[in-house]
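**Q** Sharing query_15.txt here; it has compact mmCIF, C-alpha atoms (C1' of nucleotides).
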# COMPACT_ATOMS: atom_id res chain seq x y z
CA MET A 1 4.00 -8.93 4.19
CA VAL A 2 7.54 -8.05 3.38
CA SER A 3 9.13 -10.86 5.30
CA ALA A 4 7.44 -14.06 6.13
CA PRO A 5 9.99 -16.23 7.84
CA LEU A 6 11.41 -18.59 5.30
CA PRO A 7 12.97 -21.35 7.39
CA ALA A 8 9.75 -22.20 9.18
CA VAL A 9 9.22 -25.59 7.57
CA ALA A 10 12.16 -27.96 7.16
CA ALA A 11 13.04 -29.69 3.91
CA ARG A 12 12.72 -33.45 3.57
CA PRO A 13 15.66 -35.53 4.77
CA ASP A 14 15.85 -37.34 1.45
CA GLY A 15 16.49 -34.01 -0.21
CA LYS A 16 14.02 -34.52 -3.02
CA LYS A 17 12.14 -31.57 -4.42
CA GLU A 18 8.56 -31.66 -3.36
CA LYS A 19 5.59 -29.55 -2.35
CA GLU A 20 7.42 -28.13 0.61
CA SER A 21 10.28 -26.42 -1.17
CA ASP A 22 7.90 -25.31 -3.88
CA SER A 23 5.96 -23.49 -1.25
CA LYS A 24 9.15 -21.77 -0.11
CA ALA A 25 10.02 -20.75 -3.64
CA ARG A 26 6.63 -19.13 -4.08
CA LEU A 27 6.88 -17.43 -0.74
CA ARG A 28 10.26 -16.05 -1.74
CA LEU A 29 8.78 -14.81 -4.99
CA TRP A 30 6.01 -13.08 -3.12
CA ILE A 31 8.46 -11.33 -0.82
CA ARG A 32 10.54 -10.17 -3.76
CA LEU A 33 7.44 -9.04 -5.57
CA LEU A 34 6.33 -6.99 -2.63
CA ARG A 35 9.74 -5.46 -2.03
CA ALA A 36 9.98 -4.53 -5.69
CA SER A 37 6.56 -2.94 -5.57
CA ARG A 38 7.41 -0.93 -2.50
CA LEU A 39 10.64 0.25 -4.00
CA ILE A 40 9.03 1.40 -7.22
CA GLU A 41 6.06 2.92 -5.45
CA GLY A 42 8.33 4.82 -3.11
CA MET A 43 10.29 6.22 -6.02
CA ALA A 44 7.17 7.19 -7.94
CA ARG A 45 5.58 8.77 -4.87
CA GLU A 46 8.62 10.86 -4.17
CA ARG A 47 9.01 12.08 -7.73
CA LEU A 48 5.33 12.71 -8.29
CA LYS A 49 5.32 14.91 -5.25
CA ALA A 50 8.59 16.69 -6.03
CA GLN A 51 8.00 17.26 -9.72
CA PHE A 52 4.23 17.54 -9.97
CA GLY A 53 2.89 18.09 -6.48
CA ALA A 54 0.76 15.00 -6.96
CA THR A 55 0.18 11.84 -4.96
CA LEU A 56 0.19 8.26 -6.09
CA PRO A 57 -3.52 7.54 -5.49
CA ARG A 58 -4.45 10.59 -7.49
CA PHE A 59 -2.18 9.50 -10.29
CA ASP A 60 -3.78 6.08 -10.25
CA VAL A 61 -7.30 7.43 -10.52
CA MET A 62 -6.33 9.80 -13.29
CA ALA A 63 -4.60 6.97 -15.13
CA ALA A 64 -7.75 4.92 -14.99
CA LEU A 65 -9.81 7.80 -16.33
CA PHE A 66 -7.27 8.54 -19.03
CA ARG A 67 -7.88 5.10 -20.48
CA GLN A 68 -11.63 5.67 -20.61
CA PRO A 69 -12.35 9.05 -22.15
CA ASP A 70 -16.07 8.40 -21.93
CA GLY A 71 -15.84 8.29 -18.18
CA MET A 72 -16.11 5.68 -15.48
CA LEU A 73 -18.44 4.88 -12.64
CA MET A 74 -17.08 5.10 -9.13
CA SER A 75 -17.44 1.36 -8.82
CA GLU A 76 -15.56 0.81 -12.07
CA ILE A 77 -12.67 2.85 -10.80
CA SER A 78 -12.51 1.01 -7.51
CA ARG A 79 -12.71 -2.39 -9.19
CA PHE A 80 -10.04 -1.49 -11.70
CA LEU A 81 -7.66 -0.12 -9.10
CA MET A 82 -8.54 -2.87 -6.65
CA VAL A 83 -9.27 -0.49 -3.83
CA SER A 84 -12.42 0.00 -1.79
CA ASN A 85 -15.35 2.15 -2.80
CA GLY A 86 -15.05 4.57 0.06
CA ASN A 87 -11.45 5.10 -0.83
CA VAL A 88 -12.23 6.29 -4.33
CA THR A 89 -14.85 8.67 -3.03
CA GLY A 90 -12.28 10.60 -1.03
CA ILE A 91 -9.69 10.72 -3.78
CA VAL A 92 -12.22 11.85 -6.38
CA ASP A 93 -13.50 14.48 -3.96
CA ARG A 94 -10.05 16.00 -3.79
CA LEU A 95 -9.47 15.72 -7.52
CA VAL A 96 -12.76 17.49 -8.13
CA ALA A 97 -11.79 20.21 -5.68
CA ASP A 98 -8.62 20.72 -7.72
CA GLY A 99 -10.54 20.86 -10.99
CA LEU A 100 -8.79 17.79 -12.41
CA VAL A 101 -11.82 15.53 -12.74
CA ALA A 102 -15.56 16.13 -12.93
CA ARG A 103 -18.63 14.27 -11.74
CA SER A 104 -21.63 14.18 -14.03
CA GLN A 105 -24.90 12.31 -14.43
CA ARG A 106 -25.70 9.95 -17.25
CA ASN A 107 -28.33 7.56 -18.52
CA GLY A 108 -30.92 8.79 -16.08
CA ASP A 109 -29.64 6.75 -13.15
CA ARG A 110 -29.36 9.09 -10.24
CA ARG A 111 -27.44 6.61 -8.15
CA THR A 112 -24.45 6.66 -10.42
CA SER A 113 -22.09 9.42 -11.36
CA PHE A 114 -19.80 9.42 -14.34
CA ILE A 115 -16.30 10.58 -13.60
CA THR A 116 -14.22 12.14 -16.35
CA LEU A 117 -10.93 13.97 -16.62
CA THR A 118 -11.32 17.67 -17.20
CA ARG A 119 -9.25 19.28 -19.90
CA LYS A 120 -6.92 20.47 -17.18
CA GLY A 121 -6.75 17.01 -15.68
CA HIS A 122 -6.05 15.45 -19.04
CA ALA A 123 -3.13 17.77 -19.67
CA ALA A 124 -1.78 17.32 -16.17
CA PHE A 125 -1.91 13.57 -16.45
CA ALA A 126 -0.28 13.45 -19.87
CA ALA A 127 2.76 15.21 -18.47
CA MET A 128 2.94 12.94 -15.45
CA ALA A 129 2.49 9.78 -17.50
CA ALA A 130 5.41 10.56 -19.78
CA ALA A 131 7.68 11.15 -16.82
CA HIS A 132 6.32 8.10 -15.08
CA GLU A 133 7.12 5.83 -17.98
CA SER A 134 10.69 7.01 -18.08
CA TRP A 135 11.06 6.52 -14.32
CA ILE A 136 9.94 2.93 -14.62
CA ASP A 137 12.23 2.34 -17.56
CA GLU A 138 15.08 3.76 -15.56
CA LEU A 139 14.36 1.70 -12.47
CA LEU A 140 13.65 -1.54 -14.32
CA GLY A 141 16.50 -1.01 -16.73
CA GLY A 142 18.32 -4.00 -15.28
CA ILE A 143 15.59 -6.26 -16.60
CA SER A 144 15.69 -6.94 -20.32
CA ALA A 145 12.59 -6.32 -22.39
CA ARG A 146 12.41 -10.02 -23.13
CA ASP A 147 12.54 -10.94 -19.45
CA ALA A 148 10.00 -8.28 -18.70
CA GLU A 149 7.61 -9.76 -21.22
CA GLN A 150 8.12 -13.27 -19.93
CA MET A 151 7.49 -12.21 -16.37
CA SER A 152 4.43 -10.23 -17.36
CA THR A 153 3.00 -13.29 -19.00
CA LYS A 154 3.62 -15.47 -15.98
CA LEU A 155 2.18 -12.92 -13.63
CA LYS A 156 -1.02 -12.91 -15.65
CA SER A 157 -1.63 -16.53 -14.82
CA PHE A 158 -3.11 -15.93 -11.40
CA ARG A 159 -4.93 -12.74 -12.13
CA SER A 160 -8.48 -13.94 -11.87
CA ASP A 161 -7.93 -16.99 -9.70
CA TRP A 162 -8.91 -15.13 -6.60
CA GLU A 163 -11.37 -12.29 -6.66
CA GLY A 164 -12.10 -11.84 -2.99
CA GLU A 165 -14.02 -14.35 -0.91
CA ALA A 166 -12.36 -17.52 -2.10
CA MET B 1 0.10 3.19 -10.31
CA VAL B 2 -2.06 0.39 -11.47
CA SER B 3 -2.55 1.65 -14.96
CA ALA B 4 -0.21 3.96 -16.72
CA PRO B 5 -1.53 4.40 -20.24
CA LEU B 6 0.37 2.09 -22.50
CA PRO B 7 -0.27 3.47 -25.97
CA ALA B 8 1.19 6.87 -25.18
CA VAL B 9 4.27 6.62 -27.36
CA ALA B 10 4.03 5.12 -30.85
CA ALA B 11 6.34 2.42 -32.18
CA ARG B 12 8.75 3.15 -34.96
CA PRO B 13 7.39 2.88 -38.53
CA ASP B 14 10.19 0.54 -39.50
CA GLY B 15 8.93 -1.87 -36.91
CA LYS B 16 12.31 -2.61 -35.39
CA LYS B 17 12.61 -3.28 -31.72
CA GLU B 18 14.20 -0.39 -29.92
CA LYS B 19 14.26 1.54 -26.69
CA GLU B 20 10.69 2.62 -27.07
CA SER B 21 9.01 -0.77 -27.01
CA ASP B 22 11.41 -1.86 -24.29
CA SER B 23 10.07 0.93 -22.17
CA LYS B 24 6.55 -0.31 -22.81
CA ALA B 25 7.47 -3.85 -21.87
CA ARG B 26 8.89 -2.68 -18.56
CA LEU B 27 5.87 -0.52 -17.91
CA ARG B 28 3.64 -3.50 -18.56
CA LEU B 29 5.70 -5.54 -16.14
CA TRP B 30 5.36 -2.89 -13.50
CA ILE B 31 1.60 -2.79 -13.90
CA ARG B 32 1.36 -6.56 -13.63
CA LEU B 33 3.66 -6.54 -10.64
CA LEU B 34 1.52 -4.01 -8.89
CA ARG B 35 -1.73 -5.75 -9.68
CA ALA B 36 -0.32 -9.03 -8.45
CA SER B 37 0.82 -7.38 -5.24
CA ARG B 38 -2.55 -5.81 -4.64
CA LEU B 39 -4.34 -9.07 -5.29
CA ILE B 40 -2.15 -11.02 -2.88
CA GLU B 41 -2.20 -8.29 -0.26
CA GLY B 42 -5.95 -8.09 -0.44
CA MET B 43 -6.29 -11.80 0.07
CA ALA B 44 -3.84 -11.84 2.96
CA ARG B 45 -5.47 -8.84 4.60
CA GLU B 46 -8.89 -10.40 4.43
CA ARG B 47 -7.78 -13.75 5.80
CA LEU B 48 -5.57 -12.32 8.50
CA LYS B 49 -8.52 -10.34 9.74
CA ALA B 50 -11.05 -13.15 9.44
CA GLN B 51 -8.93 -15.94 10.88
CA PHE B 52 -6.65 -14.11 13.30
CA GLY B 53 -8.12 -10.69 13.90
CA ALA B 54 -4.82 -9.23 12.72
CA THR B 55 -3.83 -6.62 10.15
CA LEU B 56 -1.20 -6.75 7.47
CA PRO B 57 1.10 -4.06 8.91
CA ARG B 58 1.10 -5.80 12.26
CA PHE B 59 1.90 -9.08 10.57
CA ASP B 60 4.78 -7.42 8.74
CA VAL B 61 6.30 -5.99 11.88
CA MET B 62 5.95 -9.27 13.72
CA ALA B 63 7.51 -11.11 10.78
CA ALA B 64 10.51 -8.82 10.92
CA LEU B 65 10.90 -9.38 14.65
CA PHE B 66 10.47 -13.12 14.27
CA ARG B 67 13.58 -13.22 12.12
CA GLN B 68 15.60 -11.38 14.75
CA PRO B 69 15.01 -12.95 18.15
CA ASP B 70 17.51 -10.57 19.72
CA GLY B 71 15.32 -7.64 18.80
CA MET B 72 15.42 -4.75 16.39
CA LEU B 73 15.68 -1.01 16.59
CA MET B 74 12.74 1.00 15.37
CA SER B 75 14.87 2.28 12.53
CA GLU B 76 15.88 -1.25 11.57
CA ILE B 77 12.27 -2.26 11.33
CA SER B 78 11.35 0.69 9.18
CA ARG B 79 14.32 0.18 6.89
CA PHE B 80 13.61 -3.51 6.52
CA LEU B 81 9.94 -3.01 5.79
CA MET B 82 10.62 0.05 3.66
CA VAL B 83 8.14 2.22 5.50
CA SER B 84 8.61 5.48 7.31
CA ASN B 85 9.77 5.84 10.89
CA GLY B 86 6.61 7.44 12.15
CA ASN B 87 4.65 4.61 10.66
CA VAL B 88 6.44 1.97 12.68
CA THR B 89 5.99 3.95 15.87
CA GLY B 90 2.23 3.73 15.59
CA ILE B 91 2.12 0.05 14.70
CA VAL B 92 4.49 -0.91 17.50
CA ASP B 93 2.45 1.21 19.92
CA ARG B 94 -0.60 -0.89 19.12
CA LEU B 95 1.30 -4.16 19.24
CA VAL B 96 2.66 -3.23 22.66
CA ALA B 97 -0.83 -2.36 23.83
CA ASP B 98 -1.91 -5.86 22.79
CA GLY B 99 1.02 -7.47 24.56
CA LEU B 100 2.48 -8.93 21.37
CA VAL B 101 5.77 -7.04 21.35
CA ALA B 102 7.83 -5.27 23.99
CA ARG B 103 10.08 -2.24 24.05
CA SER B 104 13.25 -2.45 26.10
CA GLN B 105 16.52 -0.59 26.53
CA ARG B 106 19.91 -1.94 25.56
CA ASN B 107 23.57 -1.08 25.38
CA GLY B 108 23.14 2.08 27.40
CA ASP B 109 21.82 4.15 24.52
CA ARG B 110 18.74 5.89 25.75
CA ARG B 111 17.76 7.10 22.31
CA THR B 112 17.13 3.62 21.05
CA SER B 113 14.69 0.99 22.12
CA PHE B 114 14.94 -2.67 21.30
CA ILE B 115 11.74 -4.21 20.10
CA THR B 116 11.16 -7.90 20.63
CA LEU B 117 8.28 -10.32 20.26
CA THR B 118 6.79 -11.38 23.56
CA ARG B 119 6.14 -15.05 24.14
CA LYS B 120 2.53 -14.39 23.29
CA GLY B 121 3.53 -12.53 20.15
CA HIS B 122 5.86 -15.30 19.09
CA ALA B 123 3.15 -17.90 19.40
CA ALA B 124 0.61 -15.73 17.65
CA PHE B 125 2.94 -15.08 14.77
CA ALA B 126 3.94 -18.70 14.33
CA ALA B 127 0.34 -19.64 13.77
CA MET B 128 -0.22 -16.81 11.31
CA ALA B 129 2.98 -17.53 9.40
CA ALA B 130 2.08 -21.14 8.74
CA ALA B 131 -1.32 -20.13 7.40
CA HIS B 132 0.22 -17.32 5.42
CA GLU B 133 2.65 -19.59 3.65
CA SER B 134 -0.12 -21.90 2.56
CA TRP B 135 -2.20 -18.97 1.31
CA ILE B 136 0.64 -17.80 -0.87
CA ASP B 137 1.23 -21.28 -2.14
CA GLU B 138 -2.42 -21.56 -2.98
CA LEU B 139 -2.60 -18.25 -4.77
CA LEU B 140 0.69 -18.62 -6.64
CA GLY B 141 0.06 -22.27 -7.43
CA GLY B 142 -0.21 -21.42 -11.12
CA ILE B 143 3.47 -20.49 -11.13
CA SER B 144 5.89 -23.39 -11.08
CA ALA B 145 8.61 -23.47 -8.46
CA ARG B 146 11.20 -23.14 -11.18
CA ASP B 147 9.53 -20.07 -12.65
CA ALA B 148 9.17 -18.63 -9.19
CA GLU B 149 12.87 -19.02 -8.56
CA GLN B 150 13.76 -17.48 -11.90
CA MET B 151 11.54 -14.51 -11.32
CA SER B 152 12.85 -14.05 -7.80
CA THR B 153 16.36 -13.90 -9.17
CA LYS B 154 15.49 -11.36 -11.79
CA LEU B 155 13.61 -9.22 -9.34
CA LYS B 156 16.68 -9.07 -7.17
CA SER B 157 18.60 -7.26 -9.86
CA PHE B 158 17.19 -3.86 -9.17
CA ARG B 159 16.95 -4.10 -5.45
CA SER B 160 19.65 -1.68 -4.46
CA ASP B 161 19.79 0.42 -7.59
CA TRP B 162 17.59 3.03 -6.10
CA GLU B 163 17.57 3.76 -2.39
CA GLY B 164 15.68 7.00 -2.26
CA GLU B 165 16.99 10.28 -3.60
CA ALA B 166 18.34 9.13 -6.92
C1' DG C 1 33.11 21.29 30.58
C1' DC C 2 30.46 23.30 26.30
C1' DT C 3 28.60 23.05 21.99
C1' DT C 4 27.84 21.58 17.56
C1' DG C 5 26.28 17.89 14.73
C1' DA C 6 24.65 13.31 14.04
C1' DA C 7 21.63 9.59 15.31
C1' DT C 8 17.23 7.90 16.98
C1' DA C 9 12.71 8.16 17.87
C1' DT C 10 8.21 10.55 18.51
C1' DT C 11 4.72 13.86 17.25
C1' DC C 12 1.74 15.87 14.10
C1' DA C 13 -1.14 17.18 10.07
C1' DA C 14 -2.79 15.65 5.87
C1' DG C 15 -3.98 12.06 3.09
C1' DT C 16 -5.01 7.21 2.17
C1' DT C 17 -7.31 2.78 3.10
C1' DT C 18 -10.48 -0.57 4.74
C1' DG C 19 -14.83 -2.47 5.90
C1' DA C 20 -19.19 -1.84 7.80
C1' DA C 21 -23.31 0.89 8.13
C1' DA C 22 -26.37 4.09 6.14
C1' DT C 23 -28.51 6.47 2.10
C1' DT C 24 -30.53 6.95 -2.20
C1' DT C 25 -32.32 5.20 -6.24
C1' DT C 26 -33.72 1.55 -9.19
C1' DT C 27 -35.62 -2.95 -10.21
C1' DC C 28 -38.10 -6.88 -9.30
C1' DT C 29 -42.12 -9.35 -7.73
C1' DA C 30 -46.27 -10.71 -5.68
C1' DT D 1 -48.67 -0.84 -7.24
C1' DA D 2 -46.65 -1.58 -2.67
C1' DG D 3 -42.97 -3.55 -0.71
C1' DA D 4 -38.76 -6.21 -0.85
C1' DA D 5 -34.49 -6.76 -2.83
C1' DA D 6 -30.65 -5.09 -5.37
C1' DA D 7 -27.38 -1.58 -6.94
C1' DA D 8 -24.43 2.47 -6.42
C1' DT D 9 -22.49 5.49 -3.64
C1' DT D 10 -21.40 7.98 0.52
C1' DT D 11 -20.41 8.25 5.35
C1' DC D 12 -17.84 7.03 9.18
C1' DA D 13 -14.51 5.20 12.65
C1' DA D 14 -10.29 3.05 13.05
C1' DA D 15 -6.03 2.10 11.31
C1' DC D 16 -2.25 3.03 8.29
C1' DT D 17 1.14 6.07 5.83
C1' DT D 18 4.07 9.77 4.61
C1' DG D 19 7.07 13.51 5.36
C1' DA D 20 8.21 17.34 8.00
C1' DA D 21 9.07 19.14 12.46
C1' DT D 22 10.47 18.28 17.00
C1' DA D 23 12.73 16.27 20.98
C1' DT D 24 16.12 13.54 23.12
C1' DT D 25 20.45 11.51 23.49
C1' DC D 26 25.05 10.46 22.03
C1' DA D 27 29.69 11.53 20.00
C1' DA D 28 33.25 14.65 19.00
C1' DG D 29 35.77 18.64 18.94
C1' DC D 30 37.08 22.84 21.15
Output the file's structure in the form of structure tokens.

**A**
Amino acid sequence: MVSAPLPAVAARPDGKKEKESDSKARLRLWIRLLRASRLIEGMARERLKAQFGATLPRFDVMAALFRQPDGMLMSEISRFLMVSNGNVTGIVDRLVADGLVARSQRNGDRRTSFITLTRKGHAAFAAMAAAHESWIDELLGGISARDAEQMSTKLKSFRSDWEGEA
Amino acid sequence: MVSAPLPAVAARPDGKKEKESDSKARLRLWIRLLRASRLIEGMARERLKAQFGATLPRFDVMAALFRQPDGMLMSEISRFLMVSNGNVTGIVDRLVADGLVARSQRNGDRRTSFITLTRKGHAAFAAMAAAHESWIDELLGGISARDAEQMSTKLKSFRSDWEGEA
DNA sequence: GCTTGAATATTCAAGTTTGAAATTTTTCTA
DNA sequence: TAGAAAAATTTCAAACTTGAATATTCAAGC
């Protein structure tokens, strides 16, 4: 996904802006978006491992749980993180083994399990989150807060347009 | 990475804008960036599989090779795609097994191998790339071409600031 | 000619990820 | 209420991914 070939479709001879170049502009944006994501993810992965012995997927799951002190269902976690169900199962398994999160039953439904951060997990995540925020600020420092807000707003526009199976 | 907890650090009582809220704005941008990437990747993965029986990593490698008809070294591919060396080895192995790319020797250096698209791979990628471009255009349609160009430019700014081991 | 060091790629273990199939439990309906 | 359908999760195989360790080859220096 990093590099779809840009010069695949030629521009119109008359040189007017039209659907075609628009498509190229969006494709370019997508490539930049993806490269930016990979860069930031790579940095965060490296530092999480070096400074906290943690991995990115674990951080993600803990971040989700941190926002919901009452706990989350497995399916809520996977929907929020936009990853598959089976994926979350494995990550939570390992987090449970490390004593960072806990599975528990609620509301009498034996299909579901509520996942919560343990006290230990809460403390561990708080430390990572503070560092994480400063890493992002450092890496995105070249983008002004105003630009960041503008881009955030624009990126929201296609959030729910496609939810799988379009 | 999808959700670092935003309300971790409080704003100043005086209400002035300062470093702190800037950090939050950038963190918000990063979260949006990542969610957008996951959404688009998920869509592309699903359609590549359904319509072409291909995977995203294979598409990425083929896209890189498509841009360089003379071939690329393994290390060039991994640097361009920002993934690890060992990763590319496995993907290329499978692409070779499917007859889509070929390994060959060049310039007398027996350490290196030049990877090129086969004729079959070239044709297969061309078809996928055209579809891919229209998917992106469809999904990013809510963003104007002008906005897309502006965002692309701003996203370039922190490309080379961090290249691993900062 | 050696031998050290750099460059390039592969191998490997551990973890992540998907998507489909299977399991368990609940809910609906005839 | 029995049975079908739905919901939530787990299981599983295949593929991907990293990062460290290893192997191979090349380039210099001695």

**Q** Give the answer as one residue: which of A:Thr55, A:Trp135, A:Gly99, A:Arg111 has the shortest atom-to-atom distance to C:DT25, using only C-alpha atoms (C1' of nucleotides)?

**A**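 Counting only C-alpha atoms (C1' of nucleotides), the residue closest to C:DT25 is A:Arg111.
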
**Q** As an exercise, work out the distance from atom CA of B:Leu27 to atom CA of A:Lys120 in Å and give it to one decimal place.

**A**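 Interatomic distance here is 24.6 Å.
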
**Q** Provide as a compact mmCIF listing (two decimals) with C-alpha atoms, in the frame of the given file the residues of chain B at most 6 Å from chain A, counting all atoms listed in the file.

**A**
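So selection_14.txt came out as:
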# COMPACT_ATOMS: atom_id res chain seq x y z
CA MET B 1 0.10 3.19 -10.31
CA SER B 3 -2.55 1.65 -14.96
CA ALA B 4 -0.21 3.96 -16.72
CA ASP B 22 11.41 -1.86 -24.29
CA SER B 23 10.07 0.93 -22.17
CA ALA B 25 7.47 -3.85 -21.87
CA ARG B 26 8.89 -2.68 -18.56
CA LEU B 29 5.70 -5.54 -16.14
CA ASP B 60 4.78 -7.42 8.74
CA ALA B 63 7.51 -11.11 10.78
CA ASP B 137 1.23 -21.28 -2.14
CA ALA B 145 8.61 -23.47 -8.46
CA ALA B 148 9.17 -18.63 -9.19
CA GLU B 149 12.87 -19.02 -8.56
CA SER B 152 12.85 -14.05 -7.80

**Q** Which residues of chain A are close to chain D, meaning at most 9 Å apart when you count only C-alpha atoms (C1' of nucleotides), and how do they look as a list in words?

**A**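 Filtering chain A at 9 Å from chain D with only C-alpha atoms (C1' of nucleotides) gives Leu73, Met74, Ser75, Asn85, Gly86, Thr89, Arg111, Thr112 and Ser113 of chain A.
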
**Q** Would you mind exporting C-alpha atoms of the selected residues as a compact mmCIF listing (two decimals), in the frame of the given file?

**A**
# COMPACT_ATOMS: atom_id res chain seq x y z
CA LEU A 73 -18.44 4.88 -12.64
CA MET A 74 -17.08 5.10 -9.13
CA SER A 75 -17.44 1.36 -8.82
CA ASN A 85 -15.35 2.15 -2.80
CA GLY A 86 -15.05 4.57 0.06
CA THR A 89 -14.85 8.67 -3.03
CA ARG A 111 -27.44 6.61 -8.15
CA THR A 112 -24.45 6.66 -10.42
CA SER A 113 -22.09 9.42 -11.36

**Q** Quick check: residues of chain C within 12 Å of chain A, all atoms listed in the file, returned as a CSV table (one decimal) with C-alpha atoms (C1' of nucleotides), in the frame of the given file.

**A**
chain,number,residue,atom,x,y,z
C,14,DA,C1',-2.8,15.6,5.9
C,15,DG,C1',-4.0,12.1,3.1
C,16,DT,C1',-5.0,7.2,2.2
C,17,DT,C1',-7.3,2.8,3.1
C,18,DT,C1',-10.5,-0.6,4.7
C,19,DG,C1',-14.8,-2.5,5.9
C,20,DA,C1',-19.2,-1.8,7.8
C,23,DT,C1',-28.5,6.5,2.1
C,24,DT,C1',-30.5,7.0,-2.2
C,25,DT,C1',-32.3,5.2,-6.2
C,26,DT,C1',-33.7,1.6,-9.2
C,27,DT,C1',-35.6,-3.0,-10.2

**Q** For atom CA of A:Leu117 and atom CA of A:Gln51, determine how far apart the two atoms are, in Å to one decimal place.

**A**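 Distance between the two atoms: 20.4 Å.
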
**Q** Let me have the centre and edge lengths in Å, one decimal, of the box along x, y and z around every listed atom of stretch 84-88 of chain A with 6 Å of margin on each side, as JSON.

**A**
{"center_x": -13.4, "center_y": 3.1, "center_z": -2.1, "size_x": 15.9, "size_y": 18.3, "size_z": 16.4}
